[in-house]
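Data file: work_26.txt. Format and content: compact mmCIF, C-alpha atoms.
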# COMPACT_ATOMS: atom_id res chain seq x y z
CA MET A 1 0.00 0.00 0.00
CA SER A 2 1.35 3.49 -0.90
CA ARG A 3 2.36 6.11 1.68
CA ARG A 4 -0.65 8.19 0.68
CA ALA A 5 -2.97 5.23 1.27
CA LEU A 6 -1.41 4.69 4.69
CA ILE A 7 -1.96 8.32 5.62
CA GLU A 8 -5.47 8.69 4.20
CA ARG A 9 -7.15 5.36 4.87
CA ARG A 10 -5.71 3.19 7.59
CA PRO A 11 -5.97 5.80 10.38
CA TRP A 12 -9.72 6.12 9.75
CA LEU A 13 -10.15 2.36 10.00
CA LEU A 14 -7.98 2.16 13.10
CA ALA A 15 -9.85 5.06 14.73
CA SER A 16 -13.15 3.34 13.97
CA MET A 17 -12.03 0.14 15.70
CA ILE A 18 -10.61 2.01 18.70
CA LEU A 19 -13.84 3.96 19.21
CA ALA A 20 -15.86 0.74 18.83
CA VAL A 21 -13.87 -0.80 21.70
CA MET A 22 -14.30 2.40 23.72
CA TRP A 23 -18.07 2.26 23.26
CA VAL A 24 -18.24 -1.32 24.51
CA TRP A 25 -16.07 -0.37 27.48
CA LEU A 26 -17.83 2.92 28.37
CA GLN A 27 -21.48 2.26 27.49
CA ASP A 28 -22.44 1.73 31.14
CA SER A 29 -20.23 4.52 32.46
CA ARG A 30 -21.28 7.91 33.81
CA LEU A 31 -20.28 9.65 30.60
CA PRO A 32 -22.97 12.22 29.66
CA GLY A 33 -25.66 10.83 27.34
CA LEU A 34 -24.84 13.07 24.39
CA TYR A 35 -21.23 11.91 24.39
CA LEU A 36 -22.35 8.28 24.55
CA LEU A 37 -24.63 8.81 21.55
CA MET A 38 -21.77 10.33 19.57
CA LEU A 39 -19.42 7.56 20.66
CA LYS A 40 -21.89 4.88 19.57
CA GLY A 41 -22.35 6.35 16.10
CA ALA A 42 -18.75 7.44 15.49
CA PRO A 43 -17.24 4.00 14.63
CA LEU A 44 -19.71 3.49 11.77
CA ALA A 45 -19.32 7.09 10.60
CA LEU A 46 -15.55 6.59 10.43
CA LEU A 47 -16.07 3.38 8.46
CA ALA A 48 -18.03 5.49 5.95
CA VAL A 49 -15.09 7.89 5.63
CA TYR A 50 -12.72 4.94 5.19
CA ALA A 51 -14.92 3.51 2.44
CA VAL A 52 -14.93 6.64 0.28
CA LEU A 53 -11.17 7.05 0.71
CA ARG A 54 -10.40 3.39 -0.01
CA HIS A 55 -12.17 3.46 -3.37
CA ARG A 56 -13.79 6.42 -5.08
CA GLY A 57 -16.90 5.57 -7.07
CA ASN A 58 -20.68 5.38 -7.00
CA ASP A 59 -20.63 2.00 -5.27
CA THR A 60 -18.52 3.18 -2.36
CA ARG A 61 -20.59 6.35 -2.06
CA SER A 62 -23.63 4.11 -1.67
CA LEU A 63 -21.77 2.00 0.88
CA ALA A 64 -20.77 5.15 2.77
CA GLY A 65 -24.37 6.34 2.72
CA MET A 66 -25.48 3.03 4.20
CA LEU A 67 -22.82 3.17 6.92
CA GLY A 68 -23.55 6.83 7.72
CA LEU A 69 -27.27 6.18 8.16
CA GLU A 70 -26.52 3.11 10.26
CA ALA A 71 -24.40 5.36 12.48
CA VAL A 72 -27.39 7.67 12.98
CA GLY A 73 -29.77 4.77 13.45
CA SER A 74 -27.54 3.00 15.95
CA ALA A 75 -27.01 6.15 18.02
CA LEU A 76 -30.71 7.10 18.11
CA TRP A 77 -32.24 3.61 18.28
CA TYR A 78 -33.48 4.09 21.85
CA GLU A 79 -33.33 7.86 22.28
CA VAL A 80 -35.36 8.88 19.22
CA PRO A 81 -36.80 5.64 17.81
CA VAL A 82 -38.69 7.28 14.94
CA ILE A 83 -35.48 8.76 13.52
CA GLY A 84 -33.27 5.83 14.51
CA LEU A 85 -35.40 3.07 12.99
CA ASN A 86 -36.13 5.01 9.82
CA ALA A 87 -32.43 5.77 9.36
CA MET A 88 -31.75 2.05 9.64
CA LEU A 89 -34.52 1.28 7.16
CA VAL A 90 -33.13 3.66 4.54
CA ALA A 91 -29.59 2.36 5.18
CA PHE A 92 -30.64 -1.23 4.48
CA LEU A 93 -32.52 -0.19 1.35
CA ILE A 94 -29.39 1.54 0.06
CA GLY A 95 -27.39 -1.62 0.78
CA LEU A 96 -30.04 -3.73 -0.95
CA THR A 97 -29.79 -1.57 -4.07
CA LEU A 98 -25.99 -1.68 -4.04
CA PHE A 99 -25.80 -5.47 -3.85
CA LEU A 100 -28.54 -6.04 -6.42
CA VAL A 101 -26.48 -4.02 -8.91
CA HIS A 102 -23.70 -6.56 -8.35
CA ARG A 103 -25.85 -9.69 -8.19
CA THR A 104 -24.48 -12.96 -9.50
CA PRO A 105 -26.04 -13.76 -12.90
CA VAL A 106 -25.96 -17.54 -12.35
CA MET A 107 -26.53 -19.02 -8.89
CA ASP A 108 -26.39 -22.56 -7.58
CA SER A 109 -29.23 -24.03 -5.53
CA GLY A 110 -27.36 -23.62 -2.25
CA ARG A 111 -26.88 -19.90 -2.72
CA ARG A 112 -30.52 -19.46 -3.72
CA ALA A 113 -31.71 -21.38 -0.65
CA SER A 114 -29.51 -19.28 1.62
CA ALA A 115 -30.80 -16.05 0.07
CA LEU A 116 -34.39 -17.22 0.50
CA ALA A 117 -33.75 -18.12 4.12
CA LEU A 118 -32.32 -14.66 4.81
CA THR A 119 -35.15 -12.90 2.98
CA VAL A 120 -37.92 -14.76 4.81
CA GLY A 121 -36.20 -15.66 8.06
CA THR A 122 -34.88 -12.22 8.98
CA PRO A 123 -38.24 -10.41 9.26
CA LEU A 124 -39.61 -13.41 11.16
CA LEU A 125 -36.71 -13.29 13.62
CA CYS A 126 -37.20 -9.54 14.04
CA PHE A 127 -40.91 -10.07 14.68
CA PHE A 128 -40.39 -12.79 17.28
CA ALA A 129 -37.62 -10.81 19.00
CA ALA A 130 -39.84 -7.72 19.15
CA ASP A 131 -42.83 -9.73 20.36
CA ARG A 132 -40.79 -11.33 23.13
CA ALA A 133 -39.37 -7.94 24.17
CA GLY A 134 -42.83 -6.35 24.06
CA VAL A 135 -41.80 -3.62 21.62
CA GLY A 136 -42.95 -2.64 18.17
CA VAL A 137 -40.56 -2.81 15.23
CA PRO A 138 -41.70 -1.79 11.74
CA LEU A 139 -42.18 -4.79 9.46
CA PHE A 140 -40.39 -2.96 6.66
CA LEU A 141 -37.21 -2.81 8.75
CA GLY A 142 -37.00 -6.61 8.92
CA LEU A 143 -37.84 -6.96 5.24
CA ALA A 144 -35.21 -4.40 4.22
CA LEU A 145 -32.61 -6.00 6.47
CA GLY A 146 -33.33 -9.48 5.15
CA GLY A 147 -33.33 -8.23 1.57
CA MET A 148 -30.00 -6.49 2.05
CA ALA A 149 -28.41 -9.59 3.59
CA ALA A 150 -29.80 -11.87 0.87
CA ALA A 151 -28.63 -9.51 -1.88
CA ALA A 152 -25.14 -9.41 -0.30
CA TRP A 153 -25.08 -13.20 -0.19
CA ILE A 154 -25.92 -13.56 -3.90
CA SER A 155 -23.73 -10.67 -5.04
CA THR A 156 -20.42 -10.98 -6.86
CA PHE A 157 -18.62 -9.81 -3.72
CA PRO A 158 -16.86 -12.54 -1.69
CA ARG A 159 -19.33 -14.36 0.55
CA SER A 160 -16.63 -15.07 3.13
CA ARG A 161 -16.51 -11.34 3.89
CA VAL A 162 -19.46 -9.45 2.46
CA GLY A 163 -22.04 -12.21 2.82
CA ALA A 164 -20.79 -13.15 6.28
CA GLY A 165 -20.70 -9.49 7.28
CA ALA A 166 -24.32 -9.02 6.26
CA ALA A 167 -25.30 -12.10 8.27
CA LEU A 168 -23.56 -10.64 11.34
CA ILE A 169 -25.47 -7.39 10.84
CA VAL A 170 -28.70 -9.39 10.85
CA ALA A 171 -27.67 -11.12 14.09
CA GLY A 172 -26.76 -7.79 15.68
CA VAL A 173 -30.07 -6.14 14.79
CA VAL A 174 -32.14 -9.12 15.97
CA LEU A 175 -30.28 -9.15 19.29
CA GLU A 176 -30.67 -5.37 19.59
CA ILE A 177 -34.42 -5.76 19.22
CA ALA A 178 -34.49 -8.59 21.74
CA ALA A 179 -32.38 -6.49 24.14
CA SER A 180 -35.23 -3.96 24.31
CA SER A 181 -36.64 -6.20 27.04
CA GLY A 182 -33.84 -4.96 29.28
CA SER A 183 -31.49 -7.92 28.94
CA ALA A 184 -27.97 -6.73 29.69
CA VAL A 185 -26.42 -9.85 28.15
CA LEU A 186 -28.19 -9.38 24.81
CA ALA A 187 -27.39 -5.68 24.79
CA LEU A 188 -23.73 -6.45 25.42
CA ALA A 189 -23.57 -8.80 22.43
CA ALA A 190 -25.79 -6.91 19.98
CA TRP A 191 -23.78 -3.83 19.08
CA PRO A 192 -20.36 -5.57 18.77
CA LEU A 193 -21.90 -8.07 16.32
CA PHE A 194 -23.54 -5.22 14.40
CA TYR A 195 -20.29 -3.27 14.20
CA LEU A 196 -18.17 -6.30 13.33
CA GLY A 197 -20.58 -7.19 10.54
CA ASN A 198 -20.30 -3.70 9.08
CA LEU A 199 -16.52 -3.72 9.46
CA VAL A 200 -16.16 -7.02 7.60
CA LEU A 201 -18.69 -6.00 4.95
CA ALA A 202 -17.19 -2.55 4.35
CA THR A 203 -13.60 -3.77 4.03
CA GLY A 204 -14.77 -6.65 1.84
CA VAL A 205 -16.67 -4.41 -0.58
CA THR A 206 -14.00 -1.73 -0.85
CA GLY A 207 -11.18 -4.26 -1.17
CA GLU A 208 -12.98 -6.12 -3.95
CA LEU A 209 -13.82 -2.92 -5.85
CA ARG A 210 -10.24 -1.74 -5.60
CA MET A 211 -8.91 -5.09 -6.84
CA ARG A 212 -11.28 -5.06 -9.81
CA GLU A 213 -10.17 -1.55 -10.69
CA GLU A 214 -6.50 -2.55 -10.58
CA LEU A 215 -7.16 -5.53 -12.89
CA ARG A 216 -8.72 -3.39 -15.61
Represent the structure from my file as structure tokens, please.
Amino acid sequence: MSRRALIERRPWLLASMILAVMWVWLQDSRLPGLYLLMLKGAPLALLAVYAVLRHRGNDTRSLAGMLGLEAVGSALWYEVPVIGLNAMLVAFLIGLTLFLVHRTPVMDSGRRASALALTVGTPLLCFFAADRAGVGVPLFLGLALGGMAAAAWISTFPRSRVGAGAALIVAGVVLEIAASSGSAVLALAAWPLFYLGNLVLATGVTGELRMREELR
């Protein structure tokens, strides 16, 4: 990697990971609420900056838009649910559009079955998690999340990173919904899974796009 790449890109990724660890460590501290909200959204926002610096193009701008809205949605999930959940919804729809543009033209039966399971299973998991927690979660959020994950799984991006990352995002959101019941254990696991999924997905997408560009 060039010196310019080291200066422009890696520090943003490193800062994102450091702030993610800080959030996990400080989320139950006495830090003022506004600072906690900013700290929770900052790691995803920094991933968005990393994405547009790693590869410049319409696809990475879409990815950055998804990550930026997820940052807002994650920070405001409990504080301002109307804004938080709708930000998440739009983020997943952007991701769905991005991955459908890069869908695999020919798929085997295993990949199709997995995509179907994500499409149908995700909203069902969200519904059951919300029902158990006694909270309401818009149906469209589960559908958009499942559609995004399925589209990532059948895309031309590597499944070991992008597909797996999308699946981790699904797990994180489902646990976040379930944690609305007040479960500290679920809450402790939800956000790290959500962040890790986005980290793996974002680096997978940008790395693949950069490699394709270099091969042209």
Hey, which bits of region 76-172 of chain A sit within 7 Å of region 54-67 of chain A, and for each residue what's the closest pair of atoms and how far apart in Å (one decimal), counting all atoms listed in the file, rows by chain and increasing number, as a Markdown table?
| residue | atom | partner | partner_atom | distance |
| --- | --- | --- | --- | --- |
| A:Ala91 | CA | A:Met66 | CA | 4.3 |
| A:Phe92 | CA | A:Met66 | CA | 6.7 |
| A:Ile94 | CA | A:Met66 | CA | 5.9 |
| A:Gly95 | CA | A:Met66 | CA | 6.1 |
| A:Leu98 | CA | A:Asp59 | CA | 6.6 |
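When only C-alpha atoms are used to measure the gap to Val80 (chain A), the shortest distance among A:Ala149, A:Leu37, A:Asp108, A:Leu116 belongs to A:Leu37.
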Using only C-alpha atoms, pick whichever of A:Gly147, A:Gly33, A:Pro11, A:Gly163 has the shortest atom-to-atom distance to Leu96 (chain A).
->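 When distances to Leu96 (chain A) are compared using only C-alpha atoms, the smallest one comes from A:Gly147.
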Distance CA of Ala45 (chain A)-CA of Arg30 (chain A), one decimal place?
-> 23.3 Å
Between A:Ala178, A:Leu199, A:Leu118, A:Ala166, which has the minimum distance to Ala133 (chain A) (counting all atoms listed in the file)?
->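 The closest residue to Ala133 (chain A) is A:Ala178.
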Please, what distance in Å, to one decimal, runs between CA of Cys126 (chain A) and CA of Ser183 (chain A)?
->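 Separation between CA of Cys126 (chain A) and CA of Ser183 (chain A): 16.0 Å.
Taking CA of Gly207 (chain A) and CA of Leu46 (chain A) as endpoints, the distance between them is 16.5 Å.
Neighbourhood of point (-29.6, -10.3, 16.4): residues with an atom at most 10 Å away, counting all atoms listed in the file, are A:Thr122, A:Leu125, A:Cys126, A:Ala129, A:Ala167, A:Leu168, A:Ile169, A:Val170, A:Ala171, A:Gly172, A:Val173, A:Val174, A:Leu175, A:Glu176, A:Ile177, A:Ala178, A:Ala179, A:Leu186, A:Ala187, A:Ala189, A:Ala190, A:Trp191, A:Leu193, A:Phe194.
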Could you put an axis-aligned box around every listed atom of region 145-163 of chain A, padded by 5 Å on each side, and send me its centre and edge lengths in Å to one decimal, as JSON?
{"center_x": -24.9, "center_y": -10.5, "center_z": -0.2, "size_x": 26.8, "size_y": 19.1, "size_z": 23.3}
Show me as an NGL selection string the residues that reach within 12 Å of (-42.7, -10.8, 13.9), counting only C-alpha atoms and using the file's own coordinates.
-> :A and (120-143 or 174 or 177-178)
How would the residues just picked look written out with C-alpha atoms as a PDB file, keeping the file's coordinate frame?
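New file part-v8.pdb:
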ATOM      1  CA  VAL A 120     -37.920 -14.760   4.810  1.00  0.00           C
ATOM      2  CA  GLY A 121     -36.200 -15.660   8.060  1.00  0.00           C
ATOM      3  CA  THR A 122     -34.880 -12.220   8.980  1.00  0.00           C
ATOM      4  CA  PRO A 123     -38.240 -10.410   9.260  1.00  0.00           C
ATOM      5  CA  LEU A 124     -39.610 -13.410  11.160  1.00  0.00           C
ATOM      6  CA  LEU A 125     -36.710 -13.290  13.620  1.00  0.00           C
ATOM      7  CA  CYS A 126     -37.200  -9.540  14.040  1.00  0.00           C
ATOM      8  CA  PHE A 127     -40.910 -10.070  14.680  1.00  0.00           C
ATOM      9  CA  PHE A 128     -40.390 -12.790  17.280  1.00  0.00           C
ATOM     10  CA  ALA A 129     -37.620 -10.810  19.000  1.00  0.00           C
ATOM     11  CA  ALA A 130     -39.840  -7.720  19.150  1.00  0.00           C
ATOM     12  CA  ASP A 131     -42.830  -9.730  20.360  1.00  0.00           C
ATOM     13  CA  ARG A 132     -40.790 -11.330  23.130  1.00  0.00           C
ATOM     14  CA  ALA A 133     -39.370  -7.940  24.170  1.00  0.00           C
ATOM     15  CA  GLY A 134     -42.830  -6.350  24.060  1.00  0.00           C
ATOM     16  CA  VAL A 135     -41.800  -3.620  21.620  1.00  0.00           C
ATOM     17  CA  GLY A 136     -42.950  -2.640  18.170  1.00  0.00           C
ATOM     18  CA  VAL A 137     -40.560  -2.810  15.230  1.00  0.00           C
ATOM     19  CA  PRO A 138     -41.700  -1.790  11.740  1.00  0.00           C
ATOM     20  CA  LEU A 139     -42.180  -4.790   9.460  1.00  0.00           C
ATOM     21  CA  PHE A 140     -40.390  -2.960   6.660  1.00  0.00           C
ATOM     22  CA  LEU A 141     -37.210  -2.810   8.750  1.00  0.00           C
ATOM     23  CA  GLY A 142     -37.000  -6.610   8.920  1.00  0.00           C
ATOM     24  CA  LEU A 143     -37.840  -6.960   5.240  1.00  0.00           C
ATOM     25  CA  VAL A 174     -32.140  -9.120  15.970  1.00  0.00           C
ATOM     26  CA  ILE A 177     -34.420  -5.760  19.220  1.00  0.00           C
ATOM     27  CA  ALA A 178     -34.490  -8.590  21.740  1.00  0.00           C
TER      28      ALA A 178
END
Could N, CA, C and O atoms be built for region 37-52 of chain A and written out as a PDB file, in the frame of the given file?
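Everything below was put into result.pdb:
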ATOM      1  N   LEU A  37     -23.980   8.916  22.861  1.00  0.00           N
ATOM      2  CA  LEU A  37     -24.630   8.810  21.550  1.00  0.00           C
ATOM      3  C   LEU A  37     -23.621   9.034  20.431  1.00  0.00           C
ATOM      4  O   LEU A  37     -23.593   8.299  19.437  1.00  0.00           O
ATOM      5  N   MET A  38     -22.789  10.047  20.584  1.00  0.00           N
ATOM      6  CA  MET A  38     -21.770  10.330  19.570  1.00  0.00           C
ATOM      7  C   MET A  38     -20.763   9.203  19.483  1.00  0.00           C
ATOM      8  O   MET A  38     -20.334   8.820  18.392  1.00  0.00           O
ATOM      9  N   LEU A  39     -20.401   8.648  20.637  1.00  0.00           N
ATOM     10  CA  LEU A  39     -19.420   7.560  20.660  1.00  0.00           C
ATOM     11  C   LEU A  39     -19.983   6.304  20.006  1.00  0.00           C
ATOM     12  O   LEU A  39     -19.248   5.561  19.345  1.00  0.00           O
ATOM     13  N   LYS A  40     -21.284   6.070  20.165  1.00  0.00           N
ATOM     14  CA  LYS A  40     -21.890   4.880  19.570  1.00  0.00           C
ATOM     15  C   LYS A  40     -21.961   4.989  18.056  1.00  0.00           C
ATOM     16  O   LYS A  40     -21.790   3.996  17.340  1.00  0.00           O
ATOM     17  N   GLY A  41     -22.240   6.179  17.542  1.00  0.00           N
ATOM     18  CA  GLY A  41     -22.350   6.350  16.100  1.00  0.00           C
ATOM     19  C   GLY A  41     -21.029   6.555  15.383  1.00  0.00           C
ATOM     20  O   GLY A  41     -20.900   6.261  14.190  1.00  0.00           O
ATOM     21  N   ALA A  42     -20.021   7.060  16.117  1.00  0.00           N
ATOM     22  CA  ALA A  42     -18.750   7.440  15.490  1.00  0.00           C
ATOM     23  C   ALA A  42     -18.034   6.294  14.777  1.00  0.00           C
ATOM     24  O   ALA A  42     -17.494   6.503  13.680  1.00  0.00           O
ATOM     25  N   PRO A  43     -17.974   5.067  15.339  1.00  0.00           N
ATOM     26  CA  PRO A  43     -17.240   4.000  14.630  1.00  0.00           C
ATOM     27  C   PRO A  43     -17.793   3.715  13.239  1.00  0.00           C
ATOM     28  O   PRO A  43     -17.016   3.506  12.294  1.00  0.00           O
ATOM     29  N   LEU A  44     -19.114   3.731  13.082  1.00  0.00           N
ATOM     30  CA  LEU A  44     -19.710   3.490  11.770  1.00  0.00           C
ATOM     31  C   LEU A  44     -19.504   4.686  10.847  1.00  0.00           C
ATOM     32  O   LEU A  44     -19.290   4.527   9.642  1.00  0.00           O
ATOM     33  N   ALA A  45     -19.564   5.894  11.407  1.00  0.00           N
ATOM     34  CA  ALA A  45     -19.320   7.090  10.600  1.00  0.00           C
ATOM     35  C   ALA A  45     -17.886   7.089  10.063  1.00  0.00           C
ATOM     36  O   ALA A  45     -17.644   7.456   8.905  1.00  0.00           O
ATOM     37  N   LEU A  46     -16.940   6.658  10.877  1.00  0.00           N
ATOM     38  CA  LEU A  46     -15.550   6.590  10.430  1.00  0.00           C
ATOM     39  C   LEU A  46     -15.344   5.487   9.396  1.00  0.00           C
ATOM     40  O   LEU A  46     -14.513   5.631   8.486  1.00  0.00           O
ATOM     41  N   LEU A  47     -16.109   4.411   9.500  1.00  0.00           N
ATOM     42  CA  LEU A  47     -16.070   3.380   8.460  1.00  0.00           C
ATOM     43  C   LEU A  47     -16.543   3.960   7.127  1.00  0.00           C
ATOM     44  O   LEU A  47     -16.029   3.596   6.060  1.00  0.00           O
ATOM     45  N   ALA A  48     -17.542   4.849   7.176  1.00  0.00           N
ATOM     46  CA  ALA A  48     -18.030   5.490   5.950  1.00  0.00           C
ATOM     47  C   ALA A  48     -16.936   6.336   5.310  1.00  0.00           C
ATOM     48  O   ALA A  48     -16.755   6.324   4.085  1.00  0.00           O
ATOM     49  N   VAL A  49     -16.201   7.073   6.146  1.00  0.00           N
ATOM     50  CA  VAL A  49     -15.090   7.890   5.630  1.00  0.00           C
ATOM     51  C   VAL A  49     -14.023   6.979   5.022  1.00  0.00           C
ATOM     52  O   VAL A  49     -13.497   7.248   3.930  1.00  0.00           O
ATOM     53  N   TYR A  50     -13.705   5.902   5.710  1.00  0.00           N
ATOM     54  CA  TYR A  50     -12.720   4.940   5.190  1.00  0.00           C
ATOM     55  C   TYR A  50     -13.149   4.407   3.828  1.00  0.00           C
ATOM     56  O   TYR A  50     -12.329   4.279   2.911  1.00  0.00           O
ATOM     57  N   ALA A  51     -14.431   4.097   3.689  1.00  0.00           N
ATOM     58  CA  ALA A  51     -14.920   3.510   2.440  1.00  0.00           C
ATOM     59  C   ALA A  51     -14.710   4.450   1.250  1.00  0.00           C
ATOM     60  O   ALA A  51     -14.223   4.018   0.198  1.00  0.00           O
ATOM     61  N   VAL A  52     -15.052   5.728   1.416  1.00  0.00           N
ATOM     62  CA  VAL A  52     -14.930   6.640   0.280  1.00  0.00           C
ATOM     63  C   VAL A  52     -13.472   6.985  -0.015  1.00  0.00           C
ATOM     64  O   VAL A  52     -13.143   7.389  -1.140  1.00  0.00           O
TER      65      VAL A  52
END
